[in-house]
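Below: one structure, written as structure tokens.
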Amino acid sequence: MKMLENTEDGFEDIISTRSKVFMESNLNIEDMKFNELVDFIIAHPSVLKRPIIVDDNKMQVGYNDEEIRTFIPREIRRAWTCNNKTENCEYAKELKYVLDKAKK
């Protein structure tokens, strides 16, 4: 569970304690062993907060526009920014550049 290395509070950061399954289970995360928590998540994946996005250096749990954008390559973010401008923007050219680069 490499993603737990990127959390501040371990399982508490990725489990939705407000989920129906979790509340009905009457569990306390702090009282459970690591393997018990893993088995519980495998048996009840709906207890995970969504989305969970992980790369080598960071992790995002839950939906947050600004924080999710950090996982999108800079070239694509630049193309989106270009799309939102109305003056002096060559969106199609920028997007073609990004897509051509991604093919390589």
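Following the order of the structure tokens, first chain is A, next is B, and so on, with residues numbered from 1 inside each chain and ligands from 1 in the order they appear.
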Please identify all polymer residues within 12 Å of Val54 (chain A), counting only C-alpha atoms, omitting same-chain residues fewer than 4 positions from it, and present them as a JSON list (two decimals) with C-alpha atoms, in the first residue's frame.
[["chain", "number", "residue", "atom", "x", "y", "z"],
["A", 1, "MET", "CA", 0.00, 0.00, 0.00],
["A", 2, "LYS", "CA", 2.48, 2.54, -1.27],
["A", 3, "MET", "CA", -0.20, 5.21, -1.35],
["A", 4, "LEU", "CA", -0.34, 5.23, 2.45],
["A", 5, "GLU", "CA", 3.22, 6.59, 2.48],
["A", 6, "ASN", "CA", 1.83, 9.80, 0.95],
["A", 7, "THR", "CA", -0.86, 10.30, 3.60],
["A", 14, "ILE", "CA", -8.57, 7.27, 2.51],
["A", 50, "ARG", "CA", -12.99, 8.85, -4.29],
["A", 58, "LYS", "CA", 1.95, 13.03, -4.20],
["A", 59, "MET", "CA", -1.56, 11.81, -3.55],
["A", 60, "GLN", "CA", -4.97, 13.43, -3.87],
["A", 61, "VAL", "CA", -7.97, 12.03, -2.01],
["A", 62, "GLY", "CA", -11.41, 13.36, -2.82],
["A", 67, "GLU", "CA", -5.33, 19.88, -6.50],
["A", 68, "ILE", "CA", -6.28, 17.37, -9.22],
["A", 70, "THR", "CA", -1.34, 19.11, -10.39],
["A", 71, "PHE", "CA", -1.50, 15.55, -11.74],
["A", 72, "ILE", "CA", -2.11, 16.73, -15.31]]
For this session: Between A:Tyr97, A:Phe22, A:Arg69, A:Ile53, single out the one closest to Phe40 (chain A), counting only C-alpha atoms.
Result: A:Phe22
For this session: Kindly give the distance, in Å, that separates CA of Arg18 (chain A) and CA of Asn35 (chain A), rounded to a single decimal.
Result: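 The value is 21.3 Å.
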Problem set entry | Nearest candidate to Phe34 (chain A) (options A:Leu99, A:Pro73, A:Glu12, A:Tyr63; using only C-alpha atoms) | A:Glu12
Exercise. Which one of A:Asp65, A:Phe11, A:Asp31, A:Val98 sits closest to Pro51 (chain A) if you count only C-alpha atoms?
Worked result: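 Closest to Pro51 (chain A), using only C-alpha atoms: A:Asp65.
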Exercise. What separation in Å, quoted to one decimal, exists between CA of Asp39 (chain A) and CA of Ile52 (chain A)?
Worked result: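 Rounded to one decimal, the two atoms are 18.3 Å apart.
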Problem set entry | Between CA of Lys20 (chain A) and CA of Lys33 (chain A), distance in Å (one decimal) | 21.3 Å
